[in-house]
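A.B. asks: So that we are looking at the same thing, I have put the structure below in structure tokens.
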Amino acid sequence: MSLQKKLKNFYTVWYLLTLRRSFEADPRKVKTDQNRKIKRLMTRAYKIPVYRKKFEESGTKPSDYRCSEDLSKFPTLTKPELRVWMQEEWDNHPEKQKDLNILSTSGSSGTPLKMLYTQKEQACSDANWARALSAAGYNAFFGKMYSFATSHKGPRKNNRDSIIQSLGFMRRRVVGEDYAVGDGLADVIKDINEYKPDLLCLRRNVLVRIVNYAEKNNLKLWKPKFYAPISEMIDDVTRQTLQRALGPGLIDAYGVSEMGSFIYQFPGKNFYYVANDIAVANVLDQENNLADEGRIVVTSLYKHTYPLINYETLDIGSSYVEDGLRYFTTIHGRMNDLVKHEKDADSSALQLMRIANHTVGLSQFRFVQKTYHDMLIQLVRDQMNETFTNEEIEQHFVAEVQKLYGEEFDIKIEWLDELPPEKTGKQRCFVCEVE
């Protein structure tokens, strides 16, 4: 093991001690700290060829960037650009490979991307997640966490407690996600009920499947103090389903695989905080001007070896600025989830998702565009809500889709016991199969 990898735990502790513990610190101090980090980052970026070209393209220099608002002048970084740069870095510097972590994204937008992290950068990302859970109210030292192994870290070799855990500190159970399918969900529910975790940290679609299975089979399900759906965004249907079954302790975290999470909604709050000490989350309109609603563009303030500056997340958000800091009210979803039309320009699938989000009686949904003229709508019934019949829900969906597209689509509705995840383990609300 390289020296850098051995130092990762030290870096993690260091960040845990130095990152702001609260997201409600004095806005002036937060802004001053953020501005200082922006200046340092842009000075560093000027020495990196991929960013040096962007400085030249925009006719700016590092000293032109003193605050988050100034970053709107800098060209954005796209996923294809990042993919090429990361591959070049890996291929051209084999001497660095032993010290790096590689996080591969799922490739849901096309081609997988391998993101390079130094050990220090990975440590900051890990510490920030622990800090966010603490800010929500979870006590990592005394609490118990139940989670699945992530795809890039793999499952633990065993679930035996360490010496520290056997003493009742930092307890965590990590299990394989493959078990959470079909009747295997009964065993997962039993395991959760016996372990009685303070925090459930699972994929969104797995949490929904657990809840639906418990309700359908009249099984008792332990209510943790907190639960954090990860890897997938929370739509309104999912939010209502989870809160009814698991209670008010929802921690809604938004982020990208390329740098981790950086926007959080905590229990009892109707808005999202930005982790301003590790990130800048700007919102840009179609003309690349700062706006309250538009594309979320993120800059990482802790990645200096492989910076992310004005990175296009491909998500749409609604926000507001107060005391110089940005807060979000809604994360709408992917701007590249597009309905394809044979004769007209592509249109956003967000309009379809709004139909489902305003329909009572569902626990899951997915739109699948099969061809230019065929739309499959997959629905899962909310077993605890019989306000409307299946037929009434179907009629509502058909009517609302036709309001949007007229008679353009032959609509087929399929009722399922649960929505199966994709090969990546994730679950998307809209899938377009048109080439």
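For the structure tokens, the naming scheme is as follows: chains receive sequential letters (A, B, ...) according to their order of presentation, residues are indexed from 1 within each chain, and ligands are indexed from 1 in presentation order.
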For Gln351 of chain A, find every residue with an atom within 10 Å (counting only C-alpha atoms), except residues of its own chain fewer than 2 positions away, and show them as a PyMOL selection string.
C.D. replies: chain A and resi 339+347-349+353-356+400-401+404
A.B. asks: Could you write out, as a list in words, all the residues of segment 270-404 of chain A that DSSP marks as alpha helix (DSSP H)?
C.D. replies: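 Output for segment 270-404 of chain A, alpha helix (DSSP H) only: Leu350, Gln351, Leu352, Met353, Arg354, Ile355, Ala356, Asn357, Asn390, Glu391, Glu392, Ile393, Glu394, Gln395, His396, Phe397, Val398, Ala399, Glu400, Val401, Gln402, Lys403 and Leu404 of chain A.
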A.B. asks: Could you write those residues out with C-alpha atoms, as a PDB file, in the first residue's frame?
C.D. replies:
ATOM      1  CA  LEU A 350     -39.779  16.980 -16.527  1.00  0.00           C
ATOM      2  CA  GLN A 351     -43.320  17.687 -17.698  1.00  0.00           C
ATOM      3  CA  LEU A 352     -44.065  13.967 -17.590  1.00  0.00           C
ATOM      4  CA  MET A 353     -42.647  13.602 -14.100  1.00  0.00           C
ATOM      5  CA  ARG A 354     -44.885  16.413 -12.838  1.00  0.00           C
ATOM      6  CA  ILE A 355     -47.896  14.302 -13.861  1.00  0.00           C
ATOM      7  CA  ALA A 356     -46.785  11.473 -11.592  1.00  0.00           C
ATOM      8  CA  ASN A 357     -45.744  13.777  -8.768  1.00  0.00           C
ATOM      9  CA  ASN A 390     -56.264   1.889 -11.072  1.00  0.00           C
ATOM     10  CA  GLU A 391     -58.623   2.754 -13.914  1.00  0.00           C
ATOM     11  CA  GLU A 392     -59.033   6.342 -12.685  1.00  0.00           C
ATOM     12  CA  ILE A 393     -55.259   6.744 -12.386  1.00  0.00           C
ATOM     13  CA  GLU A 394     -54.790   5.341 -15.886  1.00  0.00           C
ATOM     14  CA  GLN A 395     -57.362   7.753 -17.325  1.00  0.00           C
ATOM     15  CA  HIS A 396     -55.629  10.641 -15.555  1.00  0.00           C
ATOM     16  CA  PHE A 397     -52.229   9.724 -17.010  1.00  0.00           C
ATOM     17  CA  VAL A 398     -53.563   9.295 -20.547  1.00  0.00           C
ATOM     18  CA  ALA A 399     -55.426  12.613 -20.382  1.00  0.00           C
ATOM     19  CA  GLU A 400     -52.401  14.523 -19.033  1.00  0.00           C
ATOM     20  CA  VAL A 401     -49.973  13.040 -21.558  1.00  0.00           C
ATOM     21  CA  GLN A 402     -52.377  13.894 -24.364  1.00  0.00           C
ATOM     22  CA  LYS A 403     -52.572  17.473 -23.078  1.00  0.00           C
ATOM     23  CA  LEU A 404     -48.825  17.669 -23.614  1.00  0.00           C
TER      24      LEU A 404
END
A.B. asks: I'd like to know which of A:Phe430, A:Trp14, A:Trp222, A:Tyr306 is closest to Ala45 of chain A, using only C-alpha atoms.
C.D. replies: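 The closest residue to Ala45 of chain A is A:Tyr306.
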A.B. asks: What does the distance between atom CA of Leu116 of chain A and atom CA of Leu103 of chain A come to in Å, to one decimal place?
C.D. replies: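 Straight-line distance from atom CA of Leu116 of chain A to atom CA of Leu103 of chain A works out to 6.6 Å.
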A.B. asks: Tell me which of A:Asn270, A:Gln427, A:Ser261, A:Gln364 sits closest to Leu242 of chain A, counting only C-alpha atoms.
C.D. replies: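 Closest residue, counting only C-alpha atoms: A:Gln364.
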A.B. asks: In Å, how far is it from atom CA of Arg173 of chain A to atom CA of Lys190 of chain A?
C.D. replies: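 Atom-to-atom, atom CA of Arg173 of chain A and atom CA of Lys190 of chain A are spaced 13.6 Å apart.
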A.B. asks: Got a sec: who's within 10 Å of Val50 of chain A, counting only C-alpha atoms, leaving out chain neighbours fewer than 5 positions off, as a list in words?
C.D. replies: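 In the requested form, the answer reads Ala45, Phe55, Leu77, Glu81, Leu82 and Trp85 of chain A.
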A.B. asks: Check the smallest atom-to-atom distance from each of A:Leu3, A:Leu362, A:Ala130, A:Met233 to Gly333 of chain A using only C-alpha atoms, then report the winner.
C.D. replies: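 Result for the nearest residue to Gly333 of chain A: A:Met233.
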A.B. asks: Tell me, in Å to one decimal, how far atom CA of Asn282 of chain A is from atom CA of Val298 of chain A.
C.D. replies: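 These two atoms are separated by 6.3 Å.
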A.B. asks: Which residue gives the smallest distance to Ala253 of chain A among A:Ile331, A:Ile278, A:Leu199, A:Ile38, with only C-alpha atoms counted?
C.D. replies: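 The closest residue to Ala253 of chain A is A:Ile331.
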A.B. asks: When DSSP works through the backbone of this structure, what residues of segment 141-315 of chain A end up as strand (DSSP E or B), shown as a PyMOL selection string?
C.D. replies: chain A and resi 144-148+171-175+199-201+203+226-227+230+250+252-256+260-265+272-274+279-284+290+293-300+311-315
A.B. asks: Let me see the file: selected residues, N, CA and C atoms, as a compact mmCIF listing (two decimals), in the first residue's frame.
C.D. replies:
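Saved result, out-v2.txt, follows:
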# COMPACT_ATOMS: atom_id res chain seq x y z
N LYS A 144 -26.04 3.96 15.19
CA LYS A 144 -25.89 2.74 14.41
C LYS A 144 -26.40 3.01 12.98
N MET A 145 -25.56 2.65 12.01
CA MET A 145 -25.91 2.85 10.60
C MET A 145 -26.10 1.51 9.91
N TYR A 146 -27.11 1.44 9.03
CA TYR A 146 -27.36 0.25 8.22
C TYR A 146 -27.26 0.68 6.76
N SER A 147 -26.34 0.10 6.02
CA SER A 147 -26.15 0.55 4.63
C SER A 147 -25.73 -0.60 3.75
N PHE A 148 -25.88 -0.37 2.45
CA PHE A 148 -25.37 -1.32 1.47
C PHE A 148 -24.00 -0.87 1.00
N ARG A 171 -20.98 2.16 15.25
CA ARG A 171 -21.49 0.89 14.76
C ARG A 171 -22.10 1.02 13.37
N ARG A 172 -21.82 0.04 12.53
CA ARG A 172 -22.31 0.08 11.16
C ARG A 172 -22.44 -1.33 10.61
N ARG A 173 -23.57 -1.61 9.99
CA ARG A 173 -23.75 -2.89 9.32
C ARG A 173 -23.83 -2.64 7.82
N VAL A 174 -22.95 -3.30 7.06
CA VAL A 174 -22.90 -3.15 5.60
C VAL A 174 -23.26 -4.49 4.97
N VAL A 175 -24.29 -4.51 4.15
CA VAL A 175 -24.77 -5.75 3.55
C VAL A 175 -24.79 -5.62 2.04
N LEU A 199 -29.81 5.09 11.59
CA LEU A 199 -29.73 5.65 10.24
C LEU A 199 -29.78 4.54 9.21
N LEU A 200 -30.71 4.65 8.26
CA LEU A 200 -30.75 3.80 7.08
C LEU A 200 -30.15 4.57 5.93
N CYS A 201 -29.15 4.00 5.28
CA CYS A 201 -28.48 4.69 4.17
C CYS A 201 -28.45 3.74 2.98
N ARG A 203 -29.98 2.92 -1.35
CA ARG A 203 -30.45 3.52 -2.59
C ARG A 203 -31.95 3.85 -2.47
N PHE A 226 -33.29 8.54 11.33
CA PHE A 226 -32.92 9.18 10.07
C PHE A 226 -32.81 8.13 8.97
N TYR A 227 -33.06 8.56 7.73
CA TYR A 227 -32.81 7.70 6.57
C TYR A 227 -32.38 8.59 5.41
N ILE A 230 -29.74 7.32 -1.24
CA ILE A 230 -28.54 7.75 -1.94
C ILE A 230 -28.57 7.31 -3.39
N LEU A 250 -36.12 12.20 7.01
CA LEU A 250 -35.50 12.12 5.68
C LEU A 250 -34.36 13.11 5.53
N ASP A 252 -32.20 14.39 2.57
CA ASP A 252 -32.16 14.38 1.11
C ASP A 252 -30.86 15.04 0.65
N ALA A 253 -29.95 14.23 0.14
CA ALA A 253 -28.64 14.73 -0.29
C ALA A 253 -28.54 14.72 -1.80
N TYR A 254 -28.04 15.82 -2.36
CA TYR A 254 -27.85 15.91 -3.81
C TYR A 254 -26.36 16.07 -4.10
N GLY A 255 -25.89 15.39 -5.11
CA GLY A 255 -24.50 15.53 -5.51
C GLY A 255 -24.27 14.88 -6.85
N VAL A 256 -23.03 14.77 -7.23
CA VAL A 256 -22.63 14.08 -8.46
C VAL A 256 -21.52 13.12 -8.11
N GLY A 260 -19.03 13.85 -5.10
CA GLY A 260 -19.81 13.57 -3.90
C GLY A 260 -20.96 14.54 -3.73
N SER A 261 -21.58 14.51 -2.56
CA SER A 261 -22.75 15.36 -2.30
C SER A 261 -22.34 16.73 -1.80
N PHE A 262 -23.19 17.74 -2.08
CA PHE A 262 -22.87 19.11 -1.67
C PHE A 262 -24.10 19.97 -1.43
N ILE A 263 -25.30 19.40 -1.62
CA ILE A 263 -26.54 20.11 -1.34
C ILE A 263 -27.40 19.20 -0.47
N TYR A 264 -27.97 19.75 0.63
CA TYR A 264 -28.66 18.91 1.60
C TYR A 264 -29.95 19.55 2.09
N GLN A 265 -30.99 18.71 2.19
CA GLN A 265 -32.21 19.10 2.90
C GLN A 265 -32.32 18.22 4.14
N TYR A 272 -32.91 23.59 0.84
CA TYR A 272 -31.66 22.84 0.82
C TYR A 272 -30.48 23.78 1.09
N TYR A 273 -29.57 23.33 1.98
CA TYR A 273 -28.32 24.04 2.21
C TYR A 273 -27.29 23.63 1.16
N VAL A 274 -26.37 24.54 0.87
CA VAL A 274 -25.20 24.22 0.07
C VAL A 274 -24.00 24.14 1.00
N ALA A 279 -17.83 23.65 -1.80
CA ALA A 279 -18.40 23.74 -3.14
C ALA A 279 -19.02 25.11 -3.40
N VAL A 280 -19.11 25.43 -4.68
CA VAL A 280 -19.92 26.55 -5.17
C VAL A 280 -20.98 25.93 -6.08
N ALA A 281 -22.25 26.18 -5.78
CA ALA A 281 -23.34 25.69 -6.61
C ALA A 281 -24.04 26.90 -7.22
N ASN A 282 -23.68 27.22 -8.44
CA ASN A 282 -24.34 28.32 -9.15
C ASN A 282 -25.47 27.79 -10.02
N VAL A 283 -26.41 28.67 -10.35
CA VAL A 283 -27.50 28.33 -11.25
C VAL A 283 -27.42 29.28 -12.44
N LEU A 284 -27.37 28.72 -13.65
CA LEU A 284 -27.22 29.52 -14.86
C LEU A 284 -28.42 29.33 -15.78
N LEU A 290 -26.23 34.21 -14.24
CA LEU A 290 -26.72 33.75 -12.95
C LEU A 290 -28.23 33.92 -12.87
N GLU A 293 -33.47 30.03 -11.29
CA GLU A 293 -33.84 28.72 -11.81
C GLU A 293 -33.08 28.45 -13.09
N GLY A 294 -32.55 27.25 -13.21
CA GLY A 294 -31.80 26.89 -14.40
C GLY A 294 -30.87 25.72 -14.13
N ARG A 295 -29.78 25.66 -14.91
CA ARG A 295 -28.83 24.56 -14.80
C ARG A 295 -27.97 24.71 -13.54
N ILE A 296 -27.81 23.60 -12.81
CA ILE A 296 -26.92 23.61 -11.65
C ILE A 296 -25.50 23.36 -12.14
N VAL A 297 -24.61 24.29 -11.86
CA VAL A 297 -23.21 24.20 -12.26
C VAL A 297 -22.37 24.26 -10.99
N VAL A 298 -21.55 23.24 -10.77
CA VAL A 298 -20.86 23.11 -9.49
C VAL A 298 -19.35 23.25 -9.65
N THR A 299 -18.74 23.87 -8.65
CA THR A 299 -17.28 23.97 -8.55
C THR A 299 -16.85 23.37 -7.23
N SER A 300 -15.93 22.42 -7.30
CA SER A 300 -15.39 21.81 -6.08
C SER A 300 -14.25 22.67 -5.55
N TYR A 311 -18.67 22.75 -13.43
CA TYR A 311 -19.02 21.46 -14.03
C TYR A 311 -20.53 21.37 -14.25
N GLU A 312 -20.91 20.99 -15.45
CA GLU A 312 -22.31 20.86 -15.82
C GLU A 312 -22.88 19.57 -15.22
N THR A 313 -23.76 19.70 -14.22
CA THR A 313 -24.35 18.53 -13.59
C THR A 313 -25.44 17.90 -14.44
N LEU A 314 -25.97 18.67 -15.39
CA LEU A 314 -27.09 18.26 -16.24
C LEU A 314 -28.41 18.20 -15.47
N ASP A 315 -28.45 18.84 -14.32
CA ASP A 315 -29.68 18.90 -13.53
C ASP A 315 -30.20 20.34 -13.45
A.B. asks: Return the single residue from A:Lys73, A:Arg40, A:Arg20, A:Arg52 that is closest to Asn289 of chain A, with distances computed using only C-alpha atoms.
C.D. replies: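 Distance minimum relative to Asn289 of chain A lands on A:Lys73.
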A.B. asks: If you count only C-alpha atoms, which residues fall within 10 Å of Asn385 of chain A, apart from same-chain ones fewer than 5 positions away, as an NGL selection string?
C.D. replies: :A and (360-363)
